[in-house]
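A.B. asks: Data file data-v8.csv (CSV, C-alpha atoms) is appended below.
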chain,number,residue,atom,x,y,z
A,1,MET,CA,37.1,-14.5,-12.9
A,2,ARG,CA,36.0,-15.1,-9.3
A,3,LEU,CA,32.6,-13.9,-8.2
A,4,GLU,CA,32.3,-13.3,-4.5
A,5,LYS,CA,29.2,-13.2,-2.4
A,6,CYS,CA,28.4,-10.0,-0.4
A,7,TYR,CA,28.7,-10.8,3.3
A,8,PHE,CA,25.7,-8.7,4.2
A,9,CYS,CA,23.1,-9.0,1.4
A,10,SER,CA,24.4,-12.2,-0.3
A,11,SER,CA,24.4,-10.6,-3.8
A,12,THR,CA,27.3,-11.3,-6.2
A,13,CYS,CA,30.4,-9.0,-6.1
A,14,TYR,CA,31.9,-8.8,-9.5
A,15,PRO,CA,35.7,-8.1,-9.9
A,16,GLY,CA,36.6,-4.5,-9.4
A,17,HIS,CA,33.3,-3.7,-7.6
A,18,GLY,CA,32.5,-3.2,-3.9
A,19,ASN,CA,34.7,-3.2,-0.8
A,20,THR,CA,36.8,-5.8,1.0
A,21,PHE,CA,37.2,-5.6,4.8
A,22,ILE,CA,39.8,-7.7,6.5
A,23,ARG,CA,39.4,-8.0,10.3
A,24,ASN,CA,42.4,-8.3,12.7
A,25,ASP,CA,41.9,-12.1,12.9
A,26,CYS,CA,42.3,-12.2,9.1
A,27,LYS,CA,38.6,-12.9,8.4
A,28,VAL,CA,37.7,-11.5,5.0
A,29,PHE,CA,34.4,-9.7,4.4
A,30,HIS,CA,33.3,-8.8,0.8
A,31,PHE,CA,30.7,-6.1,0.3
A,32,CYS,CA,29.0,-5.4,-3.0
A,33,ARG,CA,28.5,-1.7,-2.2
A,34,SER,CA,29.0,0.9,0.5
A,35,LYS,CA,25.4,0.5,1.7
A,36,CYS,CA,26.2,-3.0,2.8
A,37,HIS,CA,29.6,-2.0,4.3
A,38,LYS,CA,28.0,0.8,6.3
A,39,ALA,CA,25.2,-1.5,7.6
A,40,PHE,CA,27.9,-4.0,8.6
A,41,LYS,CA,29.8,-1.3,10.5
A,42,LYS,CA,26.6,-0.3,12.3
A,43,LYS,CA,26.2,-3.9,13.4
A,44,ARG,CA,22.9,-4.4,11.7
A,45,ASN,CA,21.4,-7.8,11.5
A,46,PRO,CA,20.9,-8.9,7.8
A,47,ARG,CA,17.8,-10.9,8.8
A,48,LYS,CA,16.1,-7.7,10.1
A,49,VAL,CA,17.0,-5.5,7.1
A,50,ALA,CA,14.2,-5.8,4.5
A,51,TRP,CA,16.3,-5.7,1.3
A,52,THR,CA,18.7,-8.6,2.1
A,53,LYS,CA,18.4,-12.2,0.9
A,54,ALA,CA,18.6,-13.3,4.6
A,55,TYR,CA,15.4,-11.3,5.4
A,56,ARG,CA,13.6,-12.7,2.4
A,57,LYS,CA,14.5,-16.3,3.3
A,58,ALA,CA,13.6,-15.8,7.0
A,59,ARG,CA,10.2,-14.4,6.1
A,60,GLY,CA,9.4,-17.1,3.5
A,61,LYS,CA,9.5,-14.8,0.5
A,62,ASP,CA,12.3,-16.7,-1.2
A,63,MET,CA,12.8,-20.5,-1.6
A,64,THR,CA,15.1,-21.8,1.1
A,65,VAL,CA,15.1,-25.6,0.6
A,66,ASP,CA,15.7,-26.8,-2.9
A,67,ALA,CA,18.1,-29.3,-4.5
A,68,VAL,CA,19.2,-26.7,-7.1
A,69,TYR,CA,21.0,-24.7,-4.4
A,70,GLU,CA,23.3,-27.6,-3.8
A,71,PHE,CA,25.0,-26.8,-7.1
A,72,GLU,CA,26.0,-23.3,-6.0
A,73,LYS,CA,28.1,-24.6,-3.1
A,74,ARG,CA,31.8,-24.1,-3.5
A,75,ARG,CA,33.9,-27.2,-3.6
A,76,HIS,CA,37.6,-26.9,-2.8
A,77,VAL,CA,38.7,-30.0,-4.7
A,78,PRO,CA,41.3,-29.5,-7.5
A,79,VAL,CA,40.3,-31.2,-10.7
A,80,LYS,CA,42.5,-31.9,-13.7
A,81,TYR,CA,41.4,-29.9,-16.8
A,82,ASP,CA,39.3,-31.9,-19.2
A,83,ARG,CA,37.6,-30.3,-22.1
A,84,GLU,CA,34.6,-32.6,-22.2
A,85,LEU,CA,34.1,-32.2,-18.4
A,86,TRP,CA,34.3,-28.4,-18.9
A,87,GLN,CA,31.7,-28.4,-21.6
A,88,ASN,CA,29.3,-30.7,-19.7
A,89,THR,CA,29.7,-28.4,-16.6
A,90,VAL,CA,28.8,-25.3,-18.6
A,91,ARG,CA,25.8,-27.1,-20.1
A,92,ALA,CA,24.7,-28.3,-16.7
A,93,MET,CA,25.0,-24.8,-15.3
A,94,LYS,CA,22.7,-23.4,-18.0
A,95,ARG,CA,20.2,-26.2,-17.3
A,96,VAL,CA,20.3,-25.6,-13.5
A,97,ALA,CA,19.7,-21.9,-14.1
A,98,GLU,CA,16.6,-22.7,-16.2
A,99,ILE,CA,15.3,-25.1,-13.6
A,100,ARG,CA,15.8,-22.6,-10.8
A,101,GLU,CA,14.0,-19.9,-12.7
A,102,LYS,CA,11.0,-22.2,-13.3
A,103,ARG,CA,10.9,-23.2,-9.6
A,104,GLU,CA,11.2,-19.7,-8.4
A,105,TYR,CA,8.4,-18.6,-10.8
A,106,ASN,CA,6.1,-21.4,-9.5
A,107,TYR,CA,6.9,-20.6,-5.9
A,108,ILE,CA,6.0,-16.9,-6.4
A,109,LYS,CA,2.9,-17.8,-8.3
A,110,GLN,CA,1.8,-20.1,-5.4
A,111,ARG,CA,2.4,-17.3,-2.9
A,112,VAL,CA,0.3,-14.9,-4.9
A,113,ARG,CA,-2.5,-17.4,-5.3
A,114,ALA,CA,-2.5,-18.0,-1.5
A,115,SER,CA,-2.8,-14.3,-0.8
A,116,GLN,CA,-5.6,-14.0,-3.3
A,117,ASP,CA,-7.5,-16.9,-1.8
A,118,LYS,CA,-7.0,-15.3,1.6
A,119,ALA,CA,-8.5,-12.0,0.4
A,120,VAL,CA,-11.5,-13.8,-1.2
A,121,SER,CA,-12.2,-15.7,2.0
A,122,LEU,CA,-12.0,-12.5,4.1
A,123,GLU,CA,-14.5,-10.8,1.7
A,124,ARG,CA,-16.8,-13.9,1.9
A,125,ASP,CA,-16.6,-13.8,5.7
A,126,ARG,CA,-17.3,-10.1,5.8
A,127,ARG,CA,-20.5,-10.6,3.7
A,128,GLU,CA,-21.6,-13.5,5.9
A,129,VAL,CA,-21.2,-11.3,9.0
A,130,GLU,CA,-23.2,-8.5,7.5
A,131,ARG,CA,-26.0,-10.9,6.4
A,132,ASP,CA,-26.3,-12.6,9.8
A,133,ILE,CA,-25.5,-9.6,12.1
A,134,ASP,CA,-28.7,-10.3,14.1
A,135,LEU,CA,-27.2,-13.5,15.3
A,136,ILE,CA,-24.1,-11.7,16.6
A,137,LYS,CA,-25.9,-8.8,18.4
A,138,VAL,CA,-26.1,-8.9,22.2
A,139,PRO,CA,-29.2,-10.8,23.4
A,140,GLU,CA,-30.0,-8.1,25.9
A,141,ALA,CA,-30.2,-5.5,23.1
A,142,ALA,CA,-32.5,-7.8,21.1
A,143,SER,CA,-34.8,-8.2,24.1
A,144,LYS,CA,-34.9,-4.4,24.6
A,145,LEU,CA,-35.8,-4.0,21.0
A,146,ALA,CA,-38.6,-6.6,21.4
A,147,LYS,CA,-39.9,-4.8,24.4
A,148,GLN,CA,-39.9,-1.5,22.6
A,149,LYS,CA,-41.9,-3.0,19.7
A,150,VAL,CA,-44.4,-4.4,22.2
A,151,VAL,CA,-44.7,-1.0,23.8
A,152,LYS,CA,-45.2,0.7,20.4
A,153,ILE,CA,-47.8,-1.8,19.4
A,154,SER,CA,-49.7,-1.4,22.7
A,155,GLU,CA,-49.6,2.4,22.3
A,156,SER,CA,-50.9,2.3,18.8
A,157,LYS,CA,-53.8,0.1,20.0
A,158,MET,CA,-54.6,2.5,22.8
A,159,ASP,CA,-54.7,5.4,20.3
A,160,MET,CA,-57.4,3.7,18.2
Would you encode the structure as structure tokens?

C.D. replies:
Amino acid sequence: MRLEKCYFCSSTCYPGHGNTFIRNDCKVFHFCRSKCHKAFKKKRNPRKVAWTKAYRKARGKDMTVDAVYEFEKRRHVPVKYDRELWQNTVRAMKRVAEIREKREYNYIKQRVRASQDKAVSLERDRREVERDIDLIKVPEAASKLAKQKVVKISESKMDM
């Protein structure tokens, strides 16, 4: 069973699902659903469409550099069938999947923590500005306020 990658969104295309488009130069494009095929025909850029893997990688939302992704690369080298090699390969695939899940979880957790830290620091900065607003106000306005206070005090003395 061969699992293809969608040319547009990079998700897996299972057998019997999706569309295959073959261009005049014999280049084959596999699409997982008609949504991807239509976007391809409209000449949309996958890096600018928010629901694609290319967009997520370009914006730093998914991991891009990791040694685990080296295992996914296709190798066109014929290997003689060996039962032990096959079993070891299946075992390694399961282990690689576990490692990738853990790393993706940690990556997402780190991104969330960074955004929370940013929100906390923004709130702290806002409070500091509110507390020390008199330092930020224009000096001319402060001098006008001081003059007004002096005038009020002098007027109150005259009234007595």

A.B. asks: One decimal, in Å: what's the spacing between CA of Val49 in chain A and CA of Pro15 in chain A?

C.D. replies: 25.4 Å

A.B. asks: I'd like the contact shell of Phe21 in chain A - 7 Å cut-off, all atoms listed in the file, skipping same-chain residues fewer than 4 positions apart - returned as a PDB file with C-alpha atoms, keeping the file's coordinate frame.

C.D. replies:
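That gives us part_31.pdb:
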ATOM      1  CA  VAL A  28      37.700 -11.500   5.000  1.00  0.00           C
ATOM      2  CA  PHE A  29      34.400  -9.700   4.400  1.00  0.00           C
ATOM      3  CA  HIS A  30      33.300  -8.800   0.800  1.00  0.00           C
TER       4      HIS A  30
END

A.B. asks: Of the candidates A:Arg126, A:Arg47, A:Arg23, A:Lys61, which shows the shortest atom-to-atom distance to Tyr107 in chain A, using all atoms listed in the file?

C.D. replies: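 Of all the options, A:Lys61 lies closest to Tyr107 in chain A.
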
A.B. asks: Could you jot down the CA of Trp86 in chain A to CA of Arg2 in chain A separation for me, Å, one decimal place?

C.D. replies: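 About the pair CA of Trp86 in chain A and CA of Arg2 in chain A: they are 16.5 Å apart.
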
A.B. asks: As a ChimeraX atom specification, please: the residues near His17 in chain A (cut-off 10 Å, all atoms listed in the file, same-chain neighbours under 5 positions excluded).

C.D. replies: /A:12,30-33

A.B. asks: Can I get the selected residues back with C-alpha atoms, as a tab-separated table (two decimals), in the frame of the given file?

C.D. replies:
chain	number	residue	atom	x	y	z
A	12	THR	CA	27.30	-11.30	-6.20
A	30	HIS	CA	33.30	-8.80	0.80
A	31	PHE	CA	30.70	-6.10	0.30
A	32	CYS	CA	29.00	-5.40	-3.00
A	33	ARG	CA	28.50	-1.70	-2.20

A.B. asks: Just give me the gap between CA of Phe40 in chain A and CA of Phe8 in chain A in Å, one decimal is fine.

C.D. replies: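 About the pair CA of Phe40 in chain A and CA of Phe8 in chain A: they are 6.8 Å apart.
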
A.B. asks: Looking at A:Pro78, A:His37, A:Arg56, A:Arg103, which one is nearest to Ile22 in chain A, with distances taken over only C-alpha atoms?

C.D. replies: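 Smallest separation from Ile22 in chain A among the options: A:His37.
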
A.B. asks: Kindly indicate which residue among A:Ala54, A:Met1, A:Met63, A:Ala92 lies nearest to Arg111 in chain A, using only C-alpha atoms for the distances.

C.D. replies: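 Result for the nearest residue to Arg111 in chain A: A:Met63.
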